[in-house]
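What's in structure.txt: compact mmCIF, C-alpha atoms and all ligand atoms
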# COMPACT_ATOMS: atom_id res chain seq x y z
CA MET I 19 -15.22 -20.17 -21.98
CA ARG I 20 -18.73 -19.16 -20.94
CA ALA I 21 -19.42 -15.41 -21.32
CA LEU I 22 -19.19 -13.50 -18.05
CA SER I 23 -21.90 -11.07 -17.00
CA HIS I 24 -21.53 -8.44 -14.33
CA SER I 25 -23.69 -10.40 -11.91
CA ALA I 26 -21.57 -13.54 -12.48
CA ILE I 27 -18.36 -11.60 -11.78
CA ALA I 28 -19.89 -9.96 -8.69
CA MET I 29 -21.08 -13.35 -7.45
CA TYR I 30 -17.64 -14.90 -7.97
CA LEU I 31 -15.99 -12.04 -6.07
CA ASP I 32 -18.52 -12.42 -3.24
CA CYS I 33 -18.16 -16.20 -2.99
CA PRO I 34 -16.48 -18.44 -5.59
CA LEU I 35 -18.30 -21.55 -4.31
CA ARG I 36 -21.70 -19.93 -4.70
CA TYR I 37 -20.71 -18.92 -8.25
CA LYS I 38 -19.86 -22.56 -9.00
CA LEU I 39 -23.14 -23.85 -7.61
CA VAL I 40 -25.15 -21.35 -9.65
CA TYR I 41 -23.21 -21.01 -12.89
CA VAL I 42 -21.32 -24.30 -13.22
CA ASP I 43 -23.49 -26.85 -11.41
CA ARG I 44 -26.61 -24.94 -12.41
CA LEU I 45 -28.43 -25.55 -9.14
CA GLU I 46 -31.77 -23.86 -9.05
CA THR I 47 -31.71 -20.60 -7.12
CA GLU I 48 -34.43 -19.63 -4.74
CA GLU I 49 -36.99 -17.18 -6.18
CA LYS I 50 -36.79 -13.84 -4.43
CA PHE I 51 -39.76 -11.49 -4.54
CA TYR I 52 -37.57 -8.41 -5.01
CA PHE I 53 -36.09 -9.90 -8.18
CA SER I 54 -39.60 -10.61 -9.50
CA PHE I 55 -40.73 -7.10 -8.59
CA GLY I 56 -37.69 -5.48 -10.26
CA SER I 57 -38.03 -7.65 -13.34
CA SER I 58 -41.76 -6.81 -13.73
CA LEU I 59 -40.98 -3.09 -13.61
CA HIS I 60 -38.02 -3.42 -16.01
CA LYS I 61 -40.16 -5.28 -18.56
CA ALA I 62 -42.93 -2.66 -18.35
CA LEU I 63 -40.44 0.19 -18.86
CA ALA I 64 -38.89 -1.59 -21.82
CA PHE I 65 -42.39 -1.90 -23.26
CA PHE I 66 -42.96 1.83 -22.69
CA TYR I 67 -39.88 2.85 -24.69
CA ASP I 68 -39.47 0.01 -27.15
CA VAL I 69 -41.76 1.30 -29.90
CA LYS I 70 -40.98 1.41 -33.56
CA VAL I 71 -42.56 4.79 -34.36
CA LEU I 72 -42.90 7.86 -32.19
CA HIS I 73 -46.22 6.96 -30.69
CA PRO I 74 -46.03 6.10 -27.02
CA PRO I 75 -48.22 3.42 -25.51
CA SER I 76 -51.13 4.80 -23.48
CA LEU I 77 -51.07 4.54 -19.71
CA GLU I 78 -53.77 1.86 -19.96
CA ASP I 79 -51.58 -0.14 -22.40
CA LEU I 80 -48.62 0.19 -20.09
CA LEU I 81 -50.56 -1.00 -17.04
CA LYS I 82 -52.15 -3.81 -19.02
CA PHE I 83 -48.71 -4.98 -20.14
CA TYR I 84 -47.52 -4.77 -16.53
CA GLU I 85 -50.44 -6.87 -15.33
CA ASP I 86 -50.09 -9.46 -18.11
CA ASN I 87 -46.36 -9.85 -17.51
CA TRP I 88 -46.37 -9.64 -13.72
CA GLU I 89 -43.90 -12.10 -12.17
CA LYS I 90 -45.39 -13.67 -9.08
CA GLU I 91 -42.48 -15.83 -7.91
CA GLY I 92 -40.89 -15.48 -4.50
CA TYR I 93 -43.59 -13.57 -2.59
CA GLU I 94 -44.31 -14.81 0.92
CA ASN I 95 -48.08 -14.71 0.49
CA GLU I 96 -50.85 -13.27 -1.64
CA LYS I 97 -51.16 -10.20 0.53
CA GLN I 98 -47.50 -9.30 0.05
CA GLU I 99 -47.73 -9.96 -3.68
CA LYS I 100 -50.82 -7.74 -4.01
CA GLU I 101 -49.17 -4.92 -2.08
CA TYR I 102 -46.12 -5.03 -4.33
CA PHE I 103 -48.25 -5.27 -7.46
CA GLU I 104 -50.12 -2.10 -6.45
CA TYR I 105 -46.90 -0.36 -5.47
CA GLY I 106 -45.36 -1.20 -8.86
CA LYS I 107 -48.47 0.14 -10.59
CA GLN I 108 -48.15 3.41 -8.71
CA ILE I 109 -44.45 3.67 -9.69
CA LEU I 110 -45.36 3.15 -13.35
CA ILE I 111 -48.15 5.77 -13.25
CA GLU I 112 -45.73 8.30 -11.74
CA PHE I 113 -43.05 7.38 -14.29
CA TYR I 114 -45.55 7.72 -17.13
CA ASN I 115 -46.83 11.12 -15.97
CA LYS I 116 -43.31 12.41 -15.49
CA HIS I 117 -41.90 11.24 -18.82
CA ILE I 118 -44.81 11.32 -21.26
CA LYS I 119 -44.38 15.09 -21.73
CA ASP I 120 -40.92 14.69 -23.23
CA TYR I 121 -41.46 11.23 -24.72
CA HIS I 122 -38.91 10.31 -27.38
CA LEU I 123 -37.44 7.17 -28.83
CA PRO I 124 -34.31 6.22 -26.93
CA PHE I 125 -31.20 5.19 -28.82
CA ALA I 126 -31.58 1.66 -27.44
CA VAL I 127 -33.77 -0.26 -24.99
CA GLU I 128 -32.75 -3.47 -23.14
CA ARG I 129 -29.64 -3.45 -25.28
CA ARG I 130 -27.72 -6.71 -25.24
CA PHE I 131 -23.96 -6.37 -25.52
CA ASN I 132 -21.10 -8.79 -26.14
CA PHE I 133 -17.45 -7.92 -26.22
CA LYS I 134 -14.14 -9.47 -25.30
CA VAL I 135 -11.51 -8.59 -22.73
CA ASP I 136 -8.28 -10.46 -23.52
CA GLU I 137 -10.30 -13.10 -25.37
CA ILE I 138 -12.73 -13.44 -22.44
CA PRO I 139 -16.33 -13.03 -23.63
CA VAL I 140 -18.36 -10.53 -21.62
CA THR I 141 -22.11 -10.11 -21.94
CA GLY I 142 -25.05 -8.25 -20.44
CA TYR I 143 -27.98 -5.91 -20.98
CA ILE I 144 -28.28 -2.15 -20.58
CA ASP I 145 -31.76 -0.90 -19.61
CA ARG I 146 -31.72 2.23 -21.78
CA VAL I 147 -29.27 4.23 -23.86
CA GLU I 148 -29.92 7.86 -24.80
CA LYS I 149 -28.09 9.74 -27.55
CA LEU I 150 -27.21 13.24 -26.28
CA PRO I 151 -26.87 16.41 -28.42
CA SER I 152 -23.08 15.97 -28.25
CA GLU I 153 -23.52 12.64 -30.12
CA ARG I 154 -22.19 10.92 -27.03
CA VAL I 155 -24.48 8.65 -25.01
CA GLU I 156 -26.09 8.38 -21.61
CA ILE I 157 -26.44 4.95 -20.01
CA VAL I 158 -29.55 4.57 -17.84
CA ASP I 159 -29.93 1.73 -15.36
CA TYR I 160 -33.25 1.40 -13.48
CA LYS I 161 -33.11 0.53 -9.80
CA SER I 162 -36.22 -0.76 -8.02
CA GLY I 163 -34.70 -1.09 -4.54
CA LYS I 164 -35.38 1.21 -1.61
CA ALA I 165 -31.95 2.69 -1.02
CA LEU I 166 -31.13 6.05 -2.53
CA PHE I 167 -27.63 6.59 -3.92
CA GLU I 168 -24.72 8.77 -3.03
CA LEU I 169 -22.96 10.11 -6.12
CA ASP I 170 -19.79 8.60 -4.72
CA GLN I 171 -21.43 5.18 -5.00
CA LEU I 172 -22.05 5.78 -8.69
CA ARG I 173 -18.42 6.73 -9.15
CA LYS I 174 -17.35 3.35 -7.78
CA ASP I 175 -20.14 1.24 -9.30
CA SER I 176 -18.50 -1.63 -11.19
CA GLN I 177 -21.68 -2.37 -13.15
CA LEU I 178 -21.59 1.14 -14.62
CA SER I 179 -17.90 0.61 -15.47
CA MET I 180 -18.85 -2.53 -17.39
CA TYR I 181 -21.69 -0.77 -19.23
CA GLN I 182 -19.33 2.03 -20.20
CA MET I 183 -16.82 -0.53 -21.50
CA ALA I 184 -19.60 -2.20 -23.47
CA MET I 185 -20.67 1.06 -25.12
CA GLU I 186 -17.13 1.99 -25.99
CA GLU I 187 -15.82 -1.40 -27.02
CA ALA I 188 -18.85 -3.19 -28.46
CA PHE I 189 -20.54 -0.21 -30.12
CA GLY I 190 -17.72 2.33 -30.49
CA LEU I 191 -19.76 5.02 -28.70
CA GLU I 192 -18.40 7.59 -26.32
CA VAL I 193 -20.14 7.83 -22.94
CA GLU I 194 -21.00 11.25 -21.53
CA ARG I 195 -23.29 10.36 -18.65
CA LEU I 196 -23.97 7.40 -16.37
CA THR I 197 -27.35 7.37 -14.63
CA LEU I 198 -28.95 5.20 -11.99
CA TYR I 199 -32.68 5.88 -12.06
CA HIS I 200 -34.30 5.37 -8.64
CA LEU I 201 -37.80 4.24 -9.56
CA ARG I 202 -39.42 4.56 -6.13
CA SER I 203 -38.66 8.29 -5.99
CA GLN I 204 -38.48 8.94 -9.76
CA THR I 205 -35.01 10.39 -9.25
CA PRO I 206 -32.18 10.08 -11.75
CA PHE I 207 -28.70 10.10 -10.17
CA SER I 208 -26.11 11.00 -12.80
CA ILE I 209 -22.36 11.40 -13.09
CA GLY I 210 -19.86 11.78 -15.92
CA PRO I 211 -18.04 8.77 -17.39
CA HIS I 212 -15.81 6.61 -15.22
CA SER I 213 -12.08 7.31 -15.45
CA ARG I 214 -9.67 5.22 -17.51
CA GLU I 215 -8.20 3.89 -14.24
CA GLN I 216 -11.60 2.58 -13.13
CA ILE I 217 -12.16 0.95 -16.49
CA GLU I 218 -8.76 -0.70 -16.12
CA VAL I 219 -9.72 -1.99 -12.64
CA MET I 220 -12.85 -3.54 -14.16
CA ARG I 221 -10.78 -5.07 -16.95
CA ARG I 222 -8.42 -6.58 -14.36
CA HIS I 223 -11.35 -7.97 -12.37
CA ILE I 224 -12.73 -9.64 -15.48
CA VAL I 225 -9.35 -11.21 -16.31
CA GLU I 226 -8.67 -12.31 -12.72
CA VAL I 227 -12.11 -13.85 -12.28
CA ALA I 228 -11.92 -15.62 -15.66
CA GLU I 229 -8.48 -17.04 -14.81
CA ALA I 230 -9.64 -18.25 -11.40
CA ILE I 231 -12.72 -19.89 -12.93
CA GLN I 232 -10.56 -21.65 -15.50
CA LYS I 233 -8.34 -22.92 -12.72
CA GLN I 234 -11.48 -24.14 -10.95
CA GLU I 235 -10.81 -22.07 -7.85
CA PHE I 236 -14.12 -22.31 -6.06
CA LYS I 237 -13.37 -21.85 -2.38
CA PRO I 238 -16.21 -20.66 -0.15
CA LYS I 239 -15.90 -17.07 1.07
CA ARG I 240 -18.01 -16.06 4.02
CA GLY I 241 -19.78 -12.73 3.95
CA ASN I 242 -22.81 -10.80 5.19
CA TYR I 243 -25.02 -12.69 2.75
CA CYS I 244 -24.27 -16.08 4.38
CA PRO I 245 -25.83 -18.53 4.58
CA CYS I 246 -26.92 -18.34 0.94
CA GLU I 247 -29.53 -20.65 -0.55
CA PHE I 248 -27.09 -23.60 -0.67
CA PRO I 249 -25.95 -24.16 2.94
CA GLN I 250 -26.04 -27.94 2.50
CA PHE I 251 -23.24 -27.68 -0.12
CA CYS I 252 -21.07 -25.27 1.88
CA PRO I 253 -18.34 -26.54 4.22
CA TYR I 254 -19.26 -23.79 6.70
CA TYR I 255 -22.88 -24.91 7.06
CA ARG I 256 -22.98 -28.47 5.74
CA HIS I 257 -22.57 -30.03 9.17
CA GLN I 258 -26.01 -28.83 10.20
CA TYR I 259 -27.49 -30.94 7.40
CA MET I 260 -25.57 -34.17 8.05
CA THR I 261 -27.36 -37.22 9.42
CA GLU I 262 -26.41 -38.65 12.83
CA GLU I 263 -24.75 -41.53 10.99
CA GLU I 264 -22.63 -39.19 8.87
CA LYS I 265 -21.61 -37.22 11.97
CA LYS I 266 -20.24 -40.26 13.79
CA ILE I 267 -16.54 -40.19 14.78
CA LYS I 268 -14.97 -43.48 13.71
CA ALA I 269 -12.42 -43.65 16.52
CA PHE I 270 -14.99 -42.68 19.19
CA PRO I 271 -18.32 -44.12 18.06
CA ASP I 272 -20.04 -43.31 21.36
CA MET I 273 -19.08 -39.69 21.30
CA LYS I 274 -21.23 -36.98 19.79
CA ILE I 275 -19.27 -34.26 18.01
CA GLU I 276 -21.66 -31.58 19.34
CA GLN I 277 -20.72 -32.70 22.85
CA VAL I 278 -17.02 -32.27 22.03
CA VAL I 279 -17.71 -28.80 20.66
CA GLU I 280 -19.70 -27.91 23.77
CA GLU I 281 -16.95 -29.07 26.14
CA TYR I 282 -14.23 -27.40 24.11
CA GLY I 283 -16.20 -24.16 24.06
CA GLU I 284 -16.77 -24.25 27.81
CA LEU I 285 -13.09 -24.89 28.38
CA LYS I 286 -12.02 -22.01 26.17
CA THR I 287 -14.46 -19.69 27.98
CA LYS I 288 -13.04 -20.78 31.32
CA TYR I 289 -9.48 -20.24 30.07
CA LYS I 290 -10.36 -16.71 29.07
CA GLU I 291 -11.92 -15.99 32.48
CA LEU I 292 -8.91 -17.51 34.24
CA ASP I 293 -6.52 -15.50 32.11
CA VAL I 294 -8.24 -12.28 33.13
CA LYS I 295 -8.15 -13.32 36.79
CA GLU I 296 -4.46 -14.30 36.51
CA LYS I 297 -3.56 -10.88 35.14
CA GLU I 298 -5.45 -9.16 37.97
CA LEU I 299 -3.67 -11.22 40.66
CA LYS I 300 -0.28 -10.75 39.00
CA GLU I 301 -0.74 -7.01 39.06
CA ILE I 302 -1.50 -7.08 42.81
CA LEU I 303 1.54 -9.29 43.47
CA CYS I 304 3.90 -7.11 41.42
CA LYS I 305 2.74 -4.04 43.26
CA TYR I 306 3.23 -5.84 46.58
CA PHE I 307 6.79 -6.89 45.66
CA GLU I 308 7.60 -3.32 44.73
CA ASP I 309 5.96 -1.67 47.76
CA LYS I 310 7.35 -4.05 50.39
CA GLY I 311 10.75 -4.72 48.80
CA VAL I 312 10.36 -8.51 49.15
CA ARG I 313 11.17 -11.08 46.45
CA GLU I 314 9.13 -14.06 47.63
CA ILE I 315 5.80 -14.63 49.35
CA CYS I 316 4.60 -17.96 50.70
CA SER I 317 1.06 -18.95 51.50
CA GLY I 318 0.09 -22.37 52.87
CA ASN I 319 1.09 -24.44 49.82
CA HIS I 320 2.23 -21.99 47.21
CA ARG I 321 5.12 -19.65 46.86
CA ILE I 322 5.35 -16.83 44.43
CA TYR I 323 8.73 -15.35 43.75
CA GLN I 324 10.08 -12.58 41.63
CA LEU I 325 12.71 -13.43 39.07
CA ILE I 326 14.85 -10.53 37.91
CA ILE I 327 16.15 -11.03 34.39
CA LYS I 328 19.01 -8.90 33.15
CA LYS I 329 19.55 -8.28 29.48
CA ASP I 330 22.38 -6.44 27.78
CA GLU I 331 21.19 -3.88 25.29
CA TYR I 332 23.12 -1.91 22.70
CA ASP I 333 22.36 1.12 20.61
CA ASP I 334 22.65 0.33 16.89
CA ASP I 335 24.51 3.51 15.92
CA LYS I 336 26.96 3.33 18.81
CA VAL I 337 27.88 -0.32 18.06
CA ARG I 338 28.36 0.56 14.44
CA LYS I 339 30.74 3.38 15.36
CA VAL I 340 32.89 0.92 17.37
CA LEU I 341 32.83 -1.97 14.89
CA GLU I 342 32.99 -0.28 11.50
CA PRO I 343 36.56 1.03 11.79
CA GLU I 344 37.62 -2.50 12.89
CA ARG I 345 35.85 -4.01 9.83
CA LEU I 346 33.68 -6.02 12.19
CA TRP I 347 30.30 -4.46 11.49
CA GLU I 348 29.67 -6.92 8.61
CA ARG I 349 29.77 -9.76 11.13
CA VAL I 350 26.94 -8.25 13.05
CA ILE I 351 24.98 -6.76 10.14
CA SER I 352 22.61 -4.21 11.64
CA LEU I 353 22.09 -4.90 15.33
CA ASN I 354 21.44 -8.58 15.43
CA GLY I 355 21.61 -9.57 19.13
CA LYS I 356 22.63 -13.17 18.47
CA MET I 357 25.45 -12.29 16.08
CA LEU I 358 26.74 -9.61 18.44
CA SER I 359 26.91 -12.02 21.37
CA GLU I 360 28.77 -14.51 19.18
CA LEU I 361 31.23 -11.80 18.25
CA LEU I 362 31.72 -10.98 21.94
CA LYS I 363 32.54 -14.63 22.61
CA ASP I 364 35.17 -14.68 19.83
CA PRO I 365 38.57 -15.23 21.51
CA HIS I 366 40.26 -13.20 18.75
CA LEU I 367 38.25 -10.09 19.51
CA SER I 368 40.61 -7.43 20.89
CA VAL I 369 40.33 -6.45 24.53
CA ASP I 370 39.99 -2.82 23.49
CA VAL I 371 36.93 -3.49 21.29
CA LYS I 372 35.41 -5.59 24.04
CA LYS I 373 35.93 -2.75 26.51
CA ARG I 374 34.45 -0.19 24.21
CA LEU I 375 31.42 -2.37 23.55
CA ASP I 376 31.09 -2.87 27.26
CA SER I 377 31.11 0.87 27.86
CA ILE I 378 28.16 1.47 25.54
CA LYS I 379 26.16 -1.42 26.93
CA THR I 380 23.06 -0.77 29.01
CA VAL I 381 21.60 -3.46 31.20
CA LYS I 382 17.84 -3.78 31.16
CA GLU I 383 16.15 -5.45 34.06
CA THR I 384 12.77 -7.08 33.78
CA SER I 385 10.98 -9.00 36.44
CA GLN I 386 8.89 -12.08 36.08
CA ILE I 387 6.51 -13.69 38.51
CA ARG I 388 7.11 -17.39 39.05
CA HIS I 389 5.16 -19.95 40.99
CA GLY I 390 6.28 -22.97 42.99
CA ARG I 391 5.06 -25.32 45.67
CA VAL I 392 6.23 -24.75 49.25
CA LYS I 393 8.45 -27.65 50.34
CA ASP I 394 8.12 -28.97 53.87
CA ASN I 395 11.56 -27.74 54.91
CA GLU I 396 10.68 -24.23 53.72
CA ARG I 397 7.65 -23.84 55.97
CA LYS I 398 8.03 -21.42 58.90
CA ILE I 399 8.53 -23.30 62.06
S1 LIG K 1 -23.05 -20.03 2.65
FE1 LIG K 1 -21.70 -18.31 2.25
S2 LIG K 1 -19.66 -19.21 2.08
FE2 LIG K 1 -21.13 -20.88 1.88
S3 LIG K 1 -21.46 -21.07 -0.34
FE3 LIG K 1 -23.06 -19.73 0.43
S4 LIG K 1 -22.22 -17.67 0.16
FE4 LIG K 1 -20.50 -19.09 0.01
Show me this structure written as structure tokens.
Amino acid sequence: MRALSHSAIAMYLDCPLRYKLVYVDRLETEEKFYFSFGSSLHKALAFFYDVKVLHPPSLEDLLKFYEDNWEKEGYENEKQEKEYFEYGKQILIEFYNKHIKDYHLPFAVERRFNFKVDEIPVTGYIDRVEKLPSERVEIVDYKSGKALFELDQLRKDSQLSMYQMAMEEAFGLEVERLTLYHLRSQTPFSIGPHSREQIEVMRRHIVEVAEAIQKQEFKPKRGNYCPCEFPQFCPYYRHQYMTEEEKKIKAFPDMKIEQVVEEYGELKTKYKELDVKEKELKEILCKYFEDKGVREICSGNHRIYQLIIKKDEYDDDKVRKVLEPERLWERVISLNGKMLSELLKDPHLSVDVKKRLDSIKTVKETSQIRHGRVKDNERKI
């Protein structure tokens, strides 16, 4: 089985069909400028720390590397690209000035990891790993997006759970701190290691996703990110991309499906409006029946009448008290209305039990509004 990365698992959980299109069918994904921007910054920061001896690159070297390795894909136009390029440069200058004073060689930079969860291969990269005085490690993940983080978010972050698993299981290192480094504000957000329970949740997700992939479960799942870059392959959006020929209804070749949808939609809207109106009128009629003490009202062609429905009701505990000593409760099992009425019809049921059941019975009355046409012989002469 192909190794699973965190982004593959996250994509599967978001939408299994999109996962299939990207990871199984290998359709080309649309370039997004924010991925290019993030990747350019990540590469420059890896360059900054990935030195063999304790001699940091100069700021000029760092910016030159950034410029030479700038990823230009996905920007809407040159202006936008230039603005982001300059913004990235500013972020790197601030990062350099902040961290050059305590420059040191990290334990690992852009560290690739591979490990297995129940024989399922898992892979990925960690931006930076720091060895702390306690001999435990800190995992640092750079974030180039705008949004700042709540510490609670870090506590639930499944990517951090996976990185922690990787450190512990692939490298046998204990994790002391998990950090998301917000590049735009130069702010590290840190928490302690994720709990064992969270690691277990991640492990379960990995196993569940791997099993579903092996069973080829690739159903589309709609979400906020829809439509993704493959609407023409998705049952929810594909119709918009079908030709007129493909849309044709075999049994009704002259009918356009959009027309059917339009009519159906109009009808449903009307139904809803009529339903609201019906409820309003019913309320007026019920009130009228009650206020005037009448049971039927006729207009020119229609008559509306009130139907009173009586229903016997029993209290569960009281019925049980009557039936249990007679060993009859089992026939009713809790208060099942149908079974109780069958018991009442039983010719062998003693008169006394019948009487006692009758004495605990309450009769509930409900009224219903019915409609009919006025017949000629019913009209007022
Ligand atoms: S449009 Fe939405 S539901 Fe359809 S494949 Fe893309 S992500 Fe999945």
**Report entry** Option closest in space to ligand LIG 1 (chain K), from I:Tyr181, I:Tyr243, I:Phe236, I:Phe307 [counting all atoms listed in the file]
**Finding:**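 For ligand LIG 1 (chain K), the nearest of the given residues is I:Tyr243.
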For ligand LIG 1 (chain K), collect every residue having any atom at a distance of at most 6 Å from a ligand atom (counting only C-alpha atoms and all ligand atoms); output as a short mmCIF file (atom, residue, chain, number, x, y, z; two decimals) with C-alpha atoms, in the frame of the given file.
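The result, written out as part_11.cif:
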data_model
loop_
_atom_site.label_atom_id
_atom_site.label_comp_id
_atom_site.auth_asym_id
_atom_site.auth_seq_id
_atom_site.Cartn_x
_atom_site.Cartn_y
_atom_site.Cartn_z
CA CYS I 33 -18.16 -16.20 -2.99
CA LEU I 35 -18.30 -21.55 -4.31
CA ARG I 36 -21.70 -19.93 -4.70
CA PRO I 238 -16.21 -20.66 -0.15
CA LYS I 239 -15.90 -17.07 1.07
CA ARG I 240 -18.01 -16.06 4.02
CA CYS I 244 -24.27 -16.08 4.38
CA PRO I 245 -25.83 -18.53 4.58
CA CYS I 246 -26.92 -18.34 0.94
CA PHE I 248 -27.09 -23.60 -0.67
CA PRO I 249 -25.95 -24.16 2.94
CA CYS I 252 -21.07 -25.27 1.88
CA TYR I 254 -19.26 -23.79 6.70
#
**Report entry** Among the residues I:Ser385, I:Ile118, I:Glu99, I:Val219, the one that comes closest to Pro75 in chain I [using all atoms listed in the file]
**Finding:**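 For Pro75 in chain I, the nearest of the given residues is I:Ile118.
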Requested in this report: Please provide as a PyMOL selection string all residues within 12 Å of Ala62 in chain I, with the sequence filter that same-chain residues fewer than 2 positions apart are discarded (counting all atoms listed in the file).
Outcome: chain I and resi 55-60+64-68+75+77-89+106-107+109-111+113-114+127-128+145+160
Query raised in the report: Which neighbours of Val147 in chain I fall inside 9 Å, counting all atoms listed in the file, when residues of the same chain fewer than 4 positions from it are skipped, and could you give them as a PyMOL selection string?
Result: chain I and resi 124-129+155-159
Reconstruct N, CA, C and O atoms of range 281-298 of chain I; output as a compact mmCIF listing (two decimals), keeping the file's coordinate frame.
# COMPACT_ATOMS: atom_id res chain seq x y z
N GLU I 281 -17.98 -29.00 25.10
CA GLU I 281 -16.95 -29.07 26.14
C GLU I 281 -15.77 -28.17 25.82
O GLU I 281 -15.26 -27.46 26.68
N TYR I 282 -15.36 -28.22 24.55
CA TYR I 282 -14.23 -27.40 24.11
C TYR I 282 -14.55 -25.91 24.31
O TYR I 282 -13.74 -25.14 24.82
N GLY I 283 -15.77 -25.55 23.92
CA GLY I 283 -16.20 -24.16 24.06
C GLY I 283 -16.20 -23.71 25.51
O GLY I 283 -15.74 -22.62 25.84
N GLU I 284 -16.73 -24.58 26.38
CA GLU I 284 -16.77 -24.25 27.81
C GLU I 284 -15.37 -24.05 28.36
O GLU I 284 -15.10 -23.13 29.12
N LEU I 285 -14.47 -24.95 27.92
CA LEU I 285 -13.09 -24.89 28.38
C LEU I 285 -12.42 -23.59 27.95
O LEU I 285 -11.75 -22.92 28.73
N LYS I 286 -12.62 -23.23 26.69
CA LYS I 286 -12.02 -22.01 26.17
C LYS I 286 -12.55 -20.79 26.92
O LYS I 286 -11.80 -19.87 27.23
N THR I 287 -13.87 -20.81 27.25
CA THR I 287 -14.46 -19.69 27.98
C THR I 287 -13.81 -19.60 29.36
O THR I 287 -13.47 -18.51 29.83
N LYS I 288 -13.66 -20.77 29.99
CA LYS I 288 -13.04 -20.78 31.32
C LYS I 288 -11.61 -20.25 31.25
O LYS I 288 -11.19 -19.48 32.10
N TYR I 289 -10.86 -20.70 30.23
CA TYR I 289 -9.48 -20.24 30.07
C TYR I 289 -9.43 -18.72 30.01
O TYR I 289 -8.59 -18.08 30.64
N LYS I 290 -10.35 -18.16 29.24
CA LYS I 290 -10.36 -16.71 29.07
C LYS I 290 -10.61 -16.04 30.41
O LYS I 290 -9.93 -15.08 30.78
N GLU I 291 -11.60 -16.58 31.17
CA GLU I 291 -11.92 -15.99 32.48
C GLU I 291 -10.71 -16.10 33.41
O GLU I 291 -10.36 -15.16 34.12
N LEU I 292 -10.06 -17.30 33.38
CA LEU I 292 -8.91 -17.51 34.24
C LEU I 292 -7.75 -16.60 33.87
O LEU I 292 -7.03 -16.10 34.73
N ASP I 293 -7.59 -16.36 32.58
CA ASP I 293 -6.52 -15.50 32.11
C ASP I 293 -6.70 -14.08 32.65
O ASP I 293 -5.76 -13.45 33.11
N VAL I 294 -7.95 -13.62 32.62
CA VAL I 294 -8.24 -12.28 33.13
C VAL I 294 -7.92 -12.23 34.62
O VAL I 294 -7.27 -11.31 35.12
N LYS I 295 -8.37 -13.26 35.34
CA LYS I 295 -8.15 -13.32 36.79
C LYS I 295 -6.65 -13.37 37.09
O LYS I 295 -6.16 -12.69 38.00
N GLU I 296 -5.90 -14.17 36.29
CA GLU I 296 -4.46 -14.30 36.51
C GLU I 296 -3.77 -12.95 36.38
O GLU I 296 -2.93 -12.57 37.19
N LYS I 297 -4.18 -12.20 35.36
CA LYS I 297 -3.56 -10.88 35.14
C LYS I 297 -3.85 -9.95 36.31
O LYS I 297 -2.96 -9.22 36.75
N GLU I 298 -5.07 -10.02 36.83
CA GLU I 298 -5.45 -9.16 37.97
C GLU I 298 -4.57 -9.48 39.18
O GLU I 298 -4.00 -8.60 39.81
